[in-house]
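K.L.:
This is the content of input-v2.txt (compact mmCIF, C-alpha atoms):
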```txt
# COMPACT_ATOMS: atom_id res chain seq x y z
CA MET A 1 -185.30 -23.07 210.48
CA PHE A 2 -187.13 -20.96 207.87
CA LEU A 3 -184.83 -21.80 204.95
CA THR A 4 -185.49 -24.82 202.72
CA ASN A 5 -182.83 -26.99 201.10
CA SER A 6 -183.67 -25.29 197.81
CA ASP A 7 -183.14 -21.90 199.45
CA MET A 8 -179.71 -22.95 200.66
CA VAL A 9 -178.65 -24.13 197.22
CA GLU A 10 -179.69 -20.81 195.69
CA LEU A 11 -178.09 -18.79 198.48
CA ILE A 12 -174.76 -20.55 198.06
CA GLU A 13 -174.98 -19.94 194.31
CA LEU A 14 -175.60 -16.25 195.06
CA ARG A 15 -172.56 -16.03 197.32
CA HIS A 16 -170.34 -17.73 194.79
CA GLY A 17 -171.62 -15.37 192.10
CA LEU A 18 -170.89 -12.34 194.27
CA HIS A 19 -167.47 -13.75 195.10
CA ARG A 20 -166.54 -14.18 191.44
CA ALA A 21 -167.40 -10.58 190.58
CA PRO A 22 -166.02 -8.35 193.37
CA GLU A 23 -166.34 -4.58 193.16
CA ILE A 24 -164.42 -2.23 195.43
CA SER A 25 -165.77 0.73 197.41
CA GLY A 26 -167.79 3.16 195.34
CA GLU A 27 -167.93 0.83 192.33
CA GLU A 28 -170.56 -1.68 193.49
CA ARG A 29 -173.04 -1.12 190.66
CA GLU A 30 -173.25 -4.73 189.39
CA THR A 31 -173.18 -6.13 192.92
CA ALA A 32 -176.20 -3.99 193.84
CA GLN A 33 -178.05 -5.11 190.71
CA MET A 34 -177.34 -8.76 191.53
CA ILE A 35 -178.80 -8.24 195.00
CA VAL A 36 -181.92 -6.50 193.65
CA ARG A 37 -182.53 -9.37 191.24
CA PHE A 38 -182.20 -11.96 193.99
CA LEU A 39 -184.59 -10.05 196.28
CA SER A 40 -187.25 -9.63 193.60
CA PRO A 41 -189.11 -12.96 194.16
CA SER A 42 -189.68 -11.99 197.80
CA ALA A 43 -191.66 -8.94 196.57
CA PRO A 44 -190.44 -6.28 199.02
CA ASP A 45 -193.00 -3.54 199.61
CA ARG A 46 -190.38 -1.04 198.50
CA VAL A 47 -186.82 -1.18 197.19
CA VAL A 48 -184.64 1.93 197.37
CA THR A 49 -181.57 1.87 195.14
CA GLY A 50 -178.64 4.24 194.74
CA LEU A 51 -178.56 5.03 198.47
CA GLY A 52 -175.36 6.92 199.27
CA GLY A 53 -173.88 5.64 196.02
CA HIS A 54 -174.91 2.09 195.14
CA GLY A 55 -176.69 1.20 198.39
CA VAL A 56 -179.87 -0.89 198.37
CA ALA A 57 -182.63 -0.96 201.00
CA ALA A 58 -185.47 -3.52 200.79
CA ILE A 59 -188.46 -2.76 203.02
CA TYR A 60 -190.97 -5.32 204.29
CA GLU A 61 -194.01 -3.70 205.93
CA GLY A 62 -196.10 -5.05 208.77
CA SER A 63 -199.85 -4.52 208.97
CA GLU A 64 -199.77 -2.82 212.40
CA PRO A 65 -197.78 0.14 213.77
CA GLY A 66 -194.45 -0.74 215.30
CA PRO A 67 -190.71 -0.09 215.29
CA THR A 68 -188.39 -0.16 212.29
CA VAL A 69 -185.71 -2.85 212.47
CA MET A 70 -182.77 -2.64 210.06
CA VAL A 71 -180.24 -5.38 209.37
CA ARG A 72 -177.17 -4.21 207.47
CA ALA A 73 -174.54 -5.84 205.26
CA GLU A 74 -171.75 -4.45 203.08
CA LEU A 75 -171.54 -4.46 199.27
CA ASP A 76 -167.85 -3.80 198.68
CA ALA A 77 -164.79 -5.99 198.16
CA LEU A 78 -161.08 -5.23 198.55
CA PRO A 79 -158.32 -4.19 196.11
CA ILE A 80 -156.38 -7.39 196.86
CA GLU A 81 -155.55 -10.25 194.48
CA GLU A 82 -157.29 -13.45 195.60
CA LEU A 83 -155.15 -16.59 195.94
CA SER A 84 -157.64 -18.94 197.59
CA GLY A 85 -157.82 -21.37 194.67
CA ALA A 86 -161.54 -21.89 195.29
CA PRO A 87 -163.65 -22.88 192.26
CA HIS A 88 -165.59 -19.63 192.72
CA SER A 89 -162.48 -17.43 193.04
CA SER A 90 -162.53 -13.83 191.90
CA GLN A 91 -162.51 -13.36 188.16
CA VAL A 92 -161.47 -9.71 188.50
CA PRO A 93 -157.69 -9.22 188.67
CA GLY A 94 -156.52 -7.37 191.76
CA LYS A 95 -159.89 -7.49 193.54
CA GLY A 96 -161.44 -9.99 195.93
CA HIS A 97 -164.13 -10.55 198.55
CA LEU A 98 -161.50 -11.19 201.21
CA CYS A 99 -163.41 -9.77 204.18
CA GLY A 100 -166.57 -11.84 203.85
CA HIS A 101 -168.94 -9.16 202.65
CA ASP A 102 -170.22 -11.62 200.04
CA GLY A 103 -171.27 -13.87 202.92
CA HIS A 104 -172.81 -11.03 204.91
CA MET A 105 -174.89 -10.02 201.86
CA THR A 106 -176.00 -13.63 201.43
CA ILE A 107 -177.20 -13.78 205.03
CA LEU A 108 -179.42 -10.74 204.40
CA ALA A 109 -180.59 -12.28 201.14
CA ALA A 110 -181.63 -15.32 203.18
CA LEU A 111 -183.79 -13.06 205.35
CA SER A 112 -185.64 -11.92 202.23
CA ARG A 113 -186.91 -15.47 201.77
CA GLY A 114 -188.46 -15.56 205.23
CA LEU A 115 -189.84 -12.02 205.09
CA GLY A 116 -191.28 -12.62 201.63
CA ARG A 117 -193.21 -15.66 202.87
CA GLN A 118 -194.38 -14.03 206.09
CA ARG A 119 -194.37 -10.27 206.56
CA PRO A 120 -193.75 -8.80 210.02
CA GLN A 121 -196.93 -8.40 212.05
CA ARG A 122 -196.06 -4.83 213.00
CA GLY A 123 -193.59 -2.11 212.09
CA ARG A 124 -191.22 -2.84 209.24
CA ALA A 125 -188.02 -4.73 208.53
CA ILE A 126 -185.31 -3.18 206.33
CA LEU A 127 -182.51 -5.10 204.66
CA MET A 128 -179.74 -2.56 204.10
CA PHE A 129 -176.91 -3.33 201.67
CA GLN A 130 -174.43 -0.54 202.33
CA PRO A 131 -171.73 0.63 199.91
CA ALA A 132 -168.13 1.64 200.62
CA GLU A 133 -167.65 0.13 204.07
CA GLU A 134 -163.95 -0.51 203.54
CA THR A 135 -163.17 3.20 203.13
CA GLY A 136 -165.38 4.39 205.99
CA ALA A 137 -167.39 6.56 203.59
CA GLY A 138 -170.45 4.42 202.97
CA ALA A 139 -172.51 4.73 206.14
CA ALA A 140 -172.11 8.52 206.18
CA ALA A 141 -173.17 8.71 202.53
CA VAL A 142 -176.24 6.54 203.16
CA ILE A 143 -177.28 8.58 206.19
CA ALA A 144 -176.73 11.84 204.26
CA ASP A 145 -179.02 10.63 201.46
CA SER A 146 -182.35 12.45 201.88
CA ARG A 147 -184.25 9.20 201.33
CA PHE A 148 -182.68 7.61 204.40
CA GLY A 149 -184.69 10.03 206.53
CA GLU A 150 -187.79 8.05 205.56
CA LEU A 151 -186.12 4.81 206.63
CA THR A 152 -184.36 5.79 209.87
CA PRO A 153 -184.50 2.66 212.05
CA ASP A 154 -185.27 2.27 215.73
CA PHE A 155 -182.92 -0.73 215.87
CA SER A 156 -179.91 -1.51 213.67
CA PHE A 157 -178.17 -4.89 213.69
CA SER A 158 -175.14 -6.31 211.92
CA LEU A 159 -172.57 -9.08 212.18
CA HIS A 160 -169.03 -9.70 211.12
CA ASN A 161 -167.43 -13.08 210.59
CA LYS A 162 -164.34 -13.64 212.71
CA PRO A 163 -161.52 -16.01 211.72
CA GLY A 164 -159.81 -17.48 214.75
CA LEU A 165 -163.08 -18.20 216.57
CA PRO A 166 -164.59 -21.68 216.32
CA LEU A 167 -166.97 -22.06 213.39
CA GLY A 168 -170.38 -20.68 214.36
CA ALA A 169 -169.28 -19.38 217.78
CA VAL A 170 -170.81 -16.02 218.73
CA ARG A 171 -169.19 -13.20 220.69
CA LEU A 172 -171.23 -10.21 221.83
CA SER A 173 -170.86 -7.51 224.50
CA GLU A 174 -172.32 -4.15 225.44
CA GLY A 175 -170.25 -1.00 225.03
CA PRO A 176 -167.38 -0.27 222.60
CA ALA A 177 -167.24 -2.91 219.87
CA ASN A 178 -164.82 -1.45 217.28
CA CYS A 179 -162.19 1.26 217.53
CA ALA A 180 -162.35 4.64 215.84
CA SER A 181 -159.62 5.18 213.26
CA ARG A 182 -158.51 7.50 210.50
CA GLY A 183 -155.60 7.82 208.11
CA LEU A 184 -153.37 10.91 208.33
CA LYS A 185 -151.26 11.82 205.29
CA ILE A 186 -148.37 14.20 206.00
CA VAL A 187 -146.53 15.83 203.09
CA LEU A 188 -143.22 17.59 203.82
CA SER A 189 -141.96 19.90 201.06
CA GLY A 190 -138.55 21.54 200.71
CA ARG A 191 -136.18 21.95 197.73
CA THR A 192 -134.09 19.49 195.73
CA SER A 193 -130.46 19.86 194.72
CA HIS A 194 -127.71 17.82 193.09
CA ALA A 195 -126.62 15.00 195.35
CA ALA A 196 -123.08 16.41 195.18
CA THR A 197 -124.27 19.67 196.75
CA PRO A 198 -126.80 18.69 199.43
CA GLU A 199 -126.17 22.03 201.18
CA HIS A 200 -128.20 23.68 198.41
CA ALA A 201 -131.27 21.56 199.18
CA ILE A 202 -133.92 21.74 201.87
CA SER A 203 -134.19 18.03 202.53
CA PRO A 204 -137.00 16.38 204.54
CA MET A 205 -134.69 13.52 205.54
CA ARG A 206 -134.16 14.55 209.17
CA ALA A 207 -137.82 15.46 209.66
CA LEU A 208 -138.91 12.10 208.26
CA ALA A 209 -136.42 10.19 210.41
CA ARG A 210 -137.61 12.11 213.47
CA LEU A 211 -141.31 11.71 212.85
CA LEU A 212 -141.41 7.94 212.35
CA PRO A 213 -140.62 7.10 215.99
CA GLU A 214 -142.28 10.21 217.44
CA LEU A 215 -145.62 9.51 215.78
CA THR A 216 -145.68 5.85 216.79
CA ALA A 217 -144.82 6.83 220.37
CA LEU A 218 -148.10 8.76 220.56
CA GLY A 219 -150.03 5.49 220.32
CA PRO A 220 -148.16 2.52 221.78
CA GLY A 221 -151.22 0.24 221.81
CA GLY A 222 -151.48 -2.12 224.76
CA ALA A 223 -154.65 -2.99 226.65
CA LEU A 224 -157.95 -1.99 225.03
CA ASP A 225 -158.98 0.21 227.94
CA ALA A 226 -160.50 3.69 227.98
CA ASN A 227 -157.15 5.30 227.15
CA TYR A 228 -156.22 3.00 224.26
CA ARG A 229 -154.32 4.71 221.42
CA LEU A 230 -152.44 3.11 218.55
CA VAL A 231 -150.48 4.85 215.79
CA THR A 232 -149.25 2.72 212.90
CA VAL A 233 -146.97 4.01 210.15
CA THR A 234 -148.34 2.40 206.98
CA HIS A 235 -146.28 4.15 204.30
CA ALA A 236 -143.30 6.48 204.00
CA SER A 237 -141.46 7.79 200.95
CA MET A 238 -138.84 10.42 200.20
CA GLY A 239 -137.40 11.92 197.05
CA GLU A 240 -136.93 10.21 193.71
CA PRO A 241 -135.42 6.76 193.10
CA ALA A 242 -132.20 8.33 191.84
CA PHE A 243 -128.63 8.64 193.16
CA GLY A 244 -128.03 12.12 191.78
CA ILE A 245 -130.77 14.08 193.58
CA THR A 246 -130.96 15.32 197.14
CA PRO A 247 -134.65 14.90 198.07
CA GLY A 248 -137.01 17.83 198.44
CA ARG A 249 -140.25 16.05 199.34
CA ALA A 250 -141.44 13.28 201.67
CA GLU A 251 -144.71 11.63 202.63
CA ILE A 252 -145.72 9.78 205.75
CA TRP A 253 -149.02 7.89 206.06
CA VAL A 254 -150.14 6.88 209.54
CA THR A 255 -153.28 5.28 210.91
CA LEU A 256 -154.52 6.76 214.19
CA ARG A 257 -156.68 4.49 216.34
CA THR A 258 -158.55 5.06 219.62
CA LEU A 259 -161.13 3.11 221.58
CA ASN A 260 -163.77 5.79 221.05
CA ASP A 261 -164.42 8.98 219.10
CA GLY A 262 -163.84 11.18 222.14
CA LEU A 263 -160.13 10.32 222.27
CA MET A 264 -159.51 10.86 218.56
CA GLY A 265 -159.47 14.66 218.61
CA SER A 266 -156.56 14.94 221.02
CA LEU A 267 -154.57 12.24 219.20
CA CYS A 268 -155.01 14.06 215.89
CA ALA A 269 -153.96 17.36 217.46
CA GLU A 270 -150.80 15.83 218.93
CA ALA A 271 -149.85 14.16 215.63
CA GLU A 272 -150.36 17.39 213.71
CA ALA A 273 -148.29 19.33 216.25
CA LEU A 274 -145.38 16.92 215.84
CA ALA A 275 -145.53 17.27 212.06
CA ARG A 276 -145.59 21.07 212.20
CA GLU A 277 -142.68 21.18 214.65
CA ALA A 278 -140.53 18.82 212.56
CA ALA A 279 -141.30 20.80 209.42
CA SER A 280 -140.53 24.13 211.08
CA THR A 281 -137.22 22.88 212.45
CA GLY A 282 -136.22 21.66 209.01
CA GLY A 283 -137.32 24.76 207.12
CA LEU A 284 -140.01 22.73 205.33
CA SER A 285 -143.63 23.38 204.51
CA VAL A 286 -146.17 20.79 205.63
CA ALA A 287 -149.62 19.76 204.41
CA MET A 288 -151.90 17.30 206.17
CA ASP A 289 -155.14 15.59 205.24
CA TYR A 290 -157.34 12.79 206.60
CA PHE A 291 -158.70 9.71 204.82
CA ASP A 292 -160.72 6.57 205.66
CA VAL A 293 -162.42 8.09 208.69
CA PHE A 294 -164.17 5.48 210.85
CA HIS A 295 -166.17 6.32 213.96
CA HIS A 296 -166.16 3.85 216.81
CA CYS A 297 -168.96 1.27 217.16
CA GLU A 298 -170.90 1.23 220.42
CA ASN A 299 -173.18 -1.72 221.18
CA ASP A 300 -176.37 -0.43 222.80
CA ALA A 301 -177.52 -2.39 225.87
CA GLU A 302 -181.10 -2.90 224.66
CA ALA A 303 -179.99 -3.93 221.17
CA VAL A 304 -177.53 -6.42 222.68
CA ALA A 305 -180.32 -7.80 224.89
CA GLN A 306 -182.43 -8.41 221.77
CA LEU A 307 -179.61 -10.31 220.08
CA ARG A 308 -178.93 -12.36 223.21
CA ARG A 309 -182.61 -13.28 223.43
CA ALA A 310 -182.58 -14.40 219.79
CA LEU A 311 -179.40 -16.44 220.31
CA ASP A 312 -180.94 -18.16 223.32
CA ASP A 313 -184.17 -18.81 221.44
CA GLU A 314 -182.17 -20.41 218.62
CA LYS A 315 -180.02 -22.31 221.12
CA ILE A 316 -176.82 -20.77 219.78
CA GLY A 317 -174.16 -20.38 222.45
CA HIS A 318 -172.53 -17.00 222.97
CA ASP A 319 -169.87 -15.39 225.14
CA GLU A 320 -168.60 -11.91 225.92
CA THR A 321 -165.89 -10.28 223.81
CA ALA A 322 -163.37 -7.48 224.09
CA PRO A 323 -163.57 -4.53 221.67
CA GLN A 324 -161.96 -5.12 218.29
CA ARG A 325 -158.92 -3.10 217.23
CA GLY A 326 -160.20 -3.02 213.67
CA SER A 327 -162.67 -0.35 212.63
CA GLU A 328 -166.18 -0.77 211.22
CA ASP A 329 -168.36 1.66 209.28
CA PHE A 330 -171.47 0.43 211.12
CA GLY A 331 -170.87 2.78 214.07
CA LEU A 332 -172.62 5.79 212.52
CA PHE A 333 -175.98 4.01 212.43
CA GLY A 334 -175.80 3.84 216.21
CA ARG A 335 -176.07 7.62 216.45
CA SER A 336 -179.72 7.54 215.38
CA SER A 337 -180.80 4.06 216.47
CA LYS A 338 -180.16 1.39 219.06
CA SER A 339 -177.49 -0.66 217.35
CA ALA A 340 -175.40 -3.76 217.97
CA MET A 341 -173.02 -5.98 216.04
CA PHE A 342 -172.00 -9.51 216.95
CA LEU A 343 -169.04 -11.61 215.85
CA LEU A 344 -169.68 -14.97 214.18
CA GLY A 345 -166.76 -17.38 214.23
CA SER A 346 -165.56 -18.47 210.80
CA GLY A 347 -163.16 -21.14 212.03
CA GLU A 348 -159.95 -21.38 213.98
CA ALA A 349 -157.97 -22.46 210.91
CA THR A 350 -159.57 -19.97 208.51
CA PRO A 351 -157.08 -17.43 207.08
CA PRO A 352 -157.39 -13.94 208.60
CA LEU A 353 -159.55 -11.26 207.04
CA HIS A 354 -157.94 -9.36 204.13
CA ASN A 355 -155.58 -12.27 203.47
CA PRO A 356 -155.37 -13.29 199.80
CA ASP A 357 -156.46 -16.88 200.60
CA TYR A 358 -159.49 -16.02 202.77
CA ASP A 359 -162.94 -17.35 201.76
CA PHE A 360 -166.20 -16.95 203.69
CA PRO A 361 -167.55 -20.30 204.98
CA ASN A 362 -170.96 -21.21 203.53
CA ALA A 363 -171.76 -22.93 206.83
CA LEU A 364 -172.32 -19.49 208.42
CA ILE A 365 -175.20 -18.49 206.12
CA ALA A 366 -177.93 -20.41 207.98
CA PRO A 367 -176.97 -19.56 211.61
CA GLY A 368 -176.40 -15.90 210.78
CA ALA A 369 -179.83 -15.70 209.13
CA ARG A 370 -181.47 -17.54 212.03
CA VAL A 371 -180.20 -15.02 214.59
CA PHE A 372 -181.39 -12.03 212.59
CA MET A 373 -184.74 -13.56 211.68
CA ARG A 374 -185.46 -14.47 215.31
CA THR A 375 -184.51 -10.93 216.33
CA ILE A 376 -186.92 -9.50 213.75
CA ARG A 377 -189.73 -11.83 214.82
CA ASN A 378 -189.20 -11.07 218.51
CA LEU A 379 -189.44 -7.34 217.86
CA LEU A 380 -192.01 -7.26 215.06
CA GLY A 381 -193.95 -10.52 215.28
```
Please re-express this file's structure in structure tokens.

P.N.:
Amino acid sequence: MFLTNSDMVELIELRHGLHRAPEISGEERETAQMIVRFLSPSAPDRVVTGLGGHGVAAIYEGSEPGPTVMVRAELDALPIEELSGAPHSSQVPGKGHLCGHDGHMTILAALSRGLGRQRPQRGRAILMFQPAEETGAGAAAVIADSRFGELTPDFSFSLHNKPGLPLGAVRLSEGPANCASRGLKIVLSGRTSHAATPEHAISPMRALARLLPELTALGPGGALDANYRLVTVTHASMGEPAFGITPGRAEIWVTLRTLNDGLMGSLCAEAEALAREAASTGGLSVAMDYFDVFHHCENDAEAVAQLRRALDDEKIGHDETAPQRGSEDFGLFGRSSKSAMFLLGSGEATPPLHNPDYDFPNALIAPGARVFMRTIRNLLG
């Protein structure tokens, strides 16, 4: 174990500080500054700030040529009121670290202690603190930043804590790890009238009533096999909250989900076709737009082998896992590097992610850091 008792005290203080001051996607300025300050004593050879927004990359150089290994965590919190009651609870109304990104950042901060005391022998290690994971925009913004071209890794690794798994248990498999998803917003526009003369209106009521079941039928869910598709209606509204107006406008928000990116195109096309047909039948105009676009995560076989080797070296047990329905912004890094993410159990009784009473377990900081540090040492010396 490369972390001292003093390190652990300071790391837990860091996590609690991050937890008290959550910032949502695109607003992580103070979070990034807190990370930079904590990394400073480890004297990274280079620190890149403002990557793709508020992203931070700390680079630790080896003395010999070799590969670039990146470990990534997320900076952002969620727009959810925290109700955990923990002494370090969020002090920002309506916002909370309820997905564990504060813990993921702390695990990377732990790596800075080891890398600061002993640089890699070869290549370089990069600690990447990525912005805006929760909206699916952050990884794309980081990769699009011209400075990322100088950092492009050969290997990219990440983890996500997983409530419902025993504390410290690891799950890891090759192939699809997280589903692709995107939000589709459909706006149906007609014409209002007095509620006493609905015949003078062009109401979206029938189109809305038709689309709710038709859209969900496109993606019934089921087994996470190669043909997996899930469509979830997340919001619907129509007209004004008034008894005297026949509605002239409606919105439907749906999340489209597939096992991989290749299936997403056809699902989008089918959903759009249903919306256009319903609008045409009802004499309505229709507008559609996409939000929160997540590409699927694919665990590369060689990257998984490196993580399994590190887990075995650290004597941490691990098992296979099915792909996760939830989406993850990490997938884009796998397009230019060998990437893999593993799940780290945060306890069978721990509240689910995004619940208002969730809190990342401090007990995961050390094992998470051990796995990544062993992976770095195995690859870079």

K.L.:
Could you state the separation of CA of Ile107 (chain A) and CA of Arg20 (chain A) in Å, given to one decimal place?

P.N.:
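The value is 17.3 Å.
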
K.L.:
Provide the CA of His200 (chain A) to CA of Glu251 (chain A) distance in Å, to one decimal place.

P.N.:
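Interatomic distance here is 20.9 Å.
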
K.L.:
Using all atoms listed in the file, which residues sit within 10 Å of Leu18 (chain A) once same-chain residues fewer than 4 positions away are excluded, as a list in words?

P.N.:
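Surrounding residues, per the criterion: Ile12, Glu13, Leu14, Pro22, Glu23, Glu30, Thr31, Ala32, Met34, Ile35, Leu75, Ala77, His88, Ser89, Ser90, Gly96, His97, His101, Asp102, Gly103, Met105 and Thr106 of chain A.
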
K.L.:
Output C-alpha atoms for every residue in the selection just made, as a PDB file, keeping the file's coordinate frame.

P.N.:
```
ATOM      1  CA  ILE A  12    -174.760 -20.550 198.060  1.00  0.00           C
ATOM      2  CA  GLU A  13    -174.980 -19.940 194.310  1.00  0.00           C
ATOM      3  CA  LEU A  14    -175.600 -16.250 195.060  1.00  0.00           C
ATOM      4  CA  PRO A  22    -166.020  -8.350 193.370  1.00  0.00           C
ATOM      5  CA  GLU A  23    -166.340  -4.580 193.160  1.00  0.00           C
ATOM      6  CA  GLU A  30    -173.250  -4.730 189.390  1.00  0.00           C
ATOM      7  CA  THR A  31    -173.180  -6.130 192.920  1.00  0.00           C
ATOM      8  CA  ALA A  32    -176.200  -3.990 193.840  1.00  0.00           C
ATOM      9  CA  MET A  34    -177.340  -8.760 191.530  1.00  0.00           C
ATOM     10  CA  ILE A  35    -178.800  -8.240 195.000  1.00  0.00           C
ATOM     11  CA  LEU A  75    -171.540  -4.460 199.270  1.00  0.00           C
ATOM     12  CA  ALA A  77    -164.790  -5.990 198.160  1.00  0.00           C
ATOM     13  CA  HIS A  88    -165.590 -19.630 192.720  1.00  0.00           C
ATOM     14  CA  SER A  89    -162.480 -17.430 193.040  1.00  0.00           C
ATOM     15  CA  SER A  90    -162.530 -13.830 191.900  1.00  0.00           C
ATOM     16  CA  GLY A  96    -161.440  -9.990 195.930  1.00  0.00           C
ATOM     17  CA  HIS A  97    -164.130 -10.550 198.550  1.00  0.00           C
ATOM     18  CA  HIS A 101    -168.940  -9.160 202.650  1.00  0.00           C
ATOM     19  CA  ASP A 102    -170.220 -11.620 200.040  1.00  0.00           C
ATOM     20  CA  GLY A 103    -171.270 -13.870 202.920  1.00  0.00           C
ATOM     21  CA  MET A 105    -174.890 -10.020 201.860  1.00  0.00           C
ATOM     22  CA  THR A 106    -176.000 -13.630 201.430  1.00  0.00           C
TER      23      THR A 106
END
```

K.L.:
What does the distance between CA of Leu364 (chain A) and CA of Gly345 (chain A) come to in Å, to one decimal place?

P.N.:
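These two atoms are separated by 8.3 Å.
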
K.L.:
Here is a test: counting all atoms listed in the file, which residue of A:Ala109, A:Ile24, A:Leu256, A:Ala132 is nearest to Leu51 (chain A)?

P.N.:
A:Ala132

K.L.:
Using all atoms listed in the file, which residues of region 120-183 of chain A come within 7 Å of region 322-341 of chain A, and what is the closest atom pair for each, with the distance in Å to one decimal? Give it as a tab-separated table, sorted by chain and residue number.

P.N.:
```
residue	atom	partner	partner_atom	distance
A:Glu133	CA	A:Asp329	CA	5.5
A:Gly136	CA	A:Asp329	CA	5.2
A:Ala139	CA	A:Asp329	CA	6.0
A:Ala140	CA	A:Leu332	CA	6.9
A:Pro153	CA	A:Ser337	CA	5.9
A:Asp154	CA	A:Ser337	CA	4.9
A:Phe155	CA	A:Lys338	CA	4.7
A:Ser156	CA	A:Ser339	CA	4.5
A:Phe157	CA	A:Ala340	CA	5.2
A:Ser158	CA	A:Met341	CA	4.6
A:Leu159	CA	A:Met341	CA	5.0
A:Pro176	CA	A:Pro323	CA	5.8
A:Ala177	CA	A:Pro323	CA	4.4
A:Asn178	CA	A:Gln324	CA	4.8
A:Cys179	CA	A:Ser327	CA	5.2
A:Ala180	CA	A:Ser327	CA	5.9
A:Ser181	CA	A:Ser327	CA	6.3
```

K.L.:
Taking into account only C-alpha atoms, which residue in the set A:Arg374, A:Gly347, A:Leu184, A:Thr216 is nearest to Ala287 (chain A)?

P.N.:
A:Leu184

K.L.:
Using all atoms listed in the file, can you tell me which of A:Ile376, A:Ala73, A:Ala250, A:Leu11 comes closest to His160 (chain A)?

P.N.:
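Among the listed residues, A:Ala73 lies closest to His160 (chain A).
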
K.L.:
Which of these residues is nearest to Arg210 (chain A), using all atoms listed in the file: A:Thr192, A:Leu263, A:Gly183, A:Ala279?

P.N.:
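Closest to Arg210 (chain A) of all the choices is A:Ala279.
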
K.L.:
Which one is closest to Glu28 (chain A): A:Gly368, A:Pro352, A:Gly283, A:Gly50? Count all atoms listed in the file.

P.N.:
A:Gly50

K.L.:
Which residues are close to Gly219 (chain A), i.e. within 6 Å by all atoms listed in the file, leaving aside same-chain residues fewer than 2 positions away? Reply as an MDAnalysis selection string.

P.N.:
chainID A and resid 216:217 221 229:231

K.L.:
Since the input is missing atoms, can you rebuild all heavy atoms for region 13-17 of chain A and write them as a short mmCIF file (atom, residue, chain, number, x, y, z; two decimals), in the coordinates of the input?

P.N.:
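Full text of result11.cif as output:
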```
data_model
loop_
_atom_site.label_atom_id
_atom_site.label_comp_id
_atom_site.auth_asym_id
_atom_site.auth_seq_id
_atom_site.Cartn_x
_atom_site.Cartn_y
_atom_site.Cartn_z
N GLU A 13 -175.25 -20.39 195.68
CA GLU A 13 -174.98 -19.94 194.31
C GLU A 13 -174.85 -18.42 194.25
O GLU A 13 -174.00 -17.90 193.53
CB GLU A 13 -176.10 -20.41 193.38
CG GLU A 13 -176.10 -21.92 193.11
CD GLU A 13 -177.27 -22.35 192.24
OE1 GLU A 13 -178.17 -21.50 191.98
OE2 GLU A 13 -177.30 -23.52 191.83
N LEU A 14 -175.70 -17.71 195.01
CA LEU A 14 -175.60 -16.25 195.06
C LEU A 14 -174.25 -15.83 195.61
O LEU A 14 -173.57 -14.97 195.04
CB LEU A 14 -176.72 -15.67 195.93
CG LEU A 14 -176.59 -14.17 196.24
CD1 LEU A 14 -176.76 -13.33 194.97
CD2 LEU A 14 -177.59 -13.75 197.32
N ARG A 15 -173.84 -16.43 196.73
CA ARG A 15 -172.56 -16.03 197.32
C ARG A 15 -171.42 -16.28 196.37
O ARG A 15 -170.52 -15.44 196.20
CB ARG A 15 -172.30 -16.75 198.64
CG ARG A 15 -171.06 -16.14 199.35
CD ARG A 15 -170.62 -16.90 200.55
NE ARG A 15 -169.81 -18.06 200.25
CZ ARG A 15 -168.52 -18.02 199.90
NH1 ARG A 15 -167.87 -16.87 199.77
NH2 ARG A 15 -167.86 -19.14 199.67
N HIS A 16 -171.42 -17.43 195.73
CA HIS A 16 -170.34 -17.73 194.79
C HIS A 16 -170.34 -16.75 193.62
O HIS A 16 -169.27 -16.35 193.13
CB HIS A 16 -170.46 -19.17 194.31
CG HIS A 16 -170.14 -20.18 195.36
ND1 HIS A 16 -170.28 -21.54 195.18
CD2 HIS A 16 -169.69 -20.03 196.64
CE1 HIS A 16 -169.92 -22.18 196.28
NE2 HIS A 16 -169.57 -21.29 197.18
N GLY A 17 -171.54 -16.36 193.17
CA GLY A 17 -171.62 -15.37 192.10
C GLY A 17 -171.08 -14.02 192.53
O GLY A 17 -170.35 -13.35 191.77
#
```
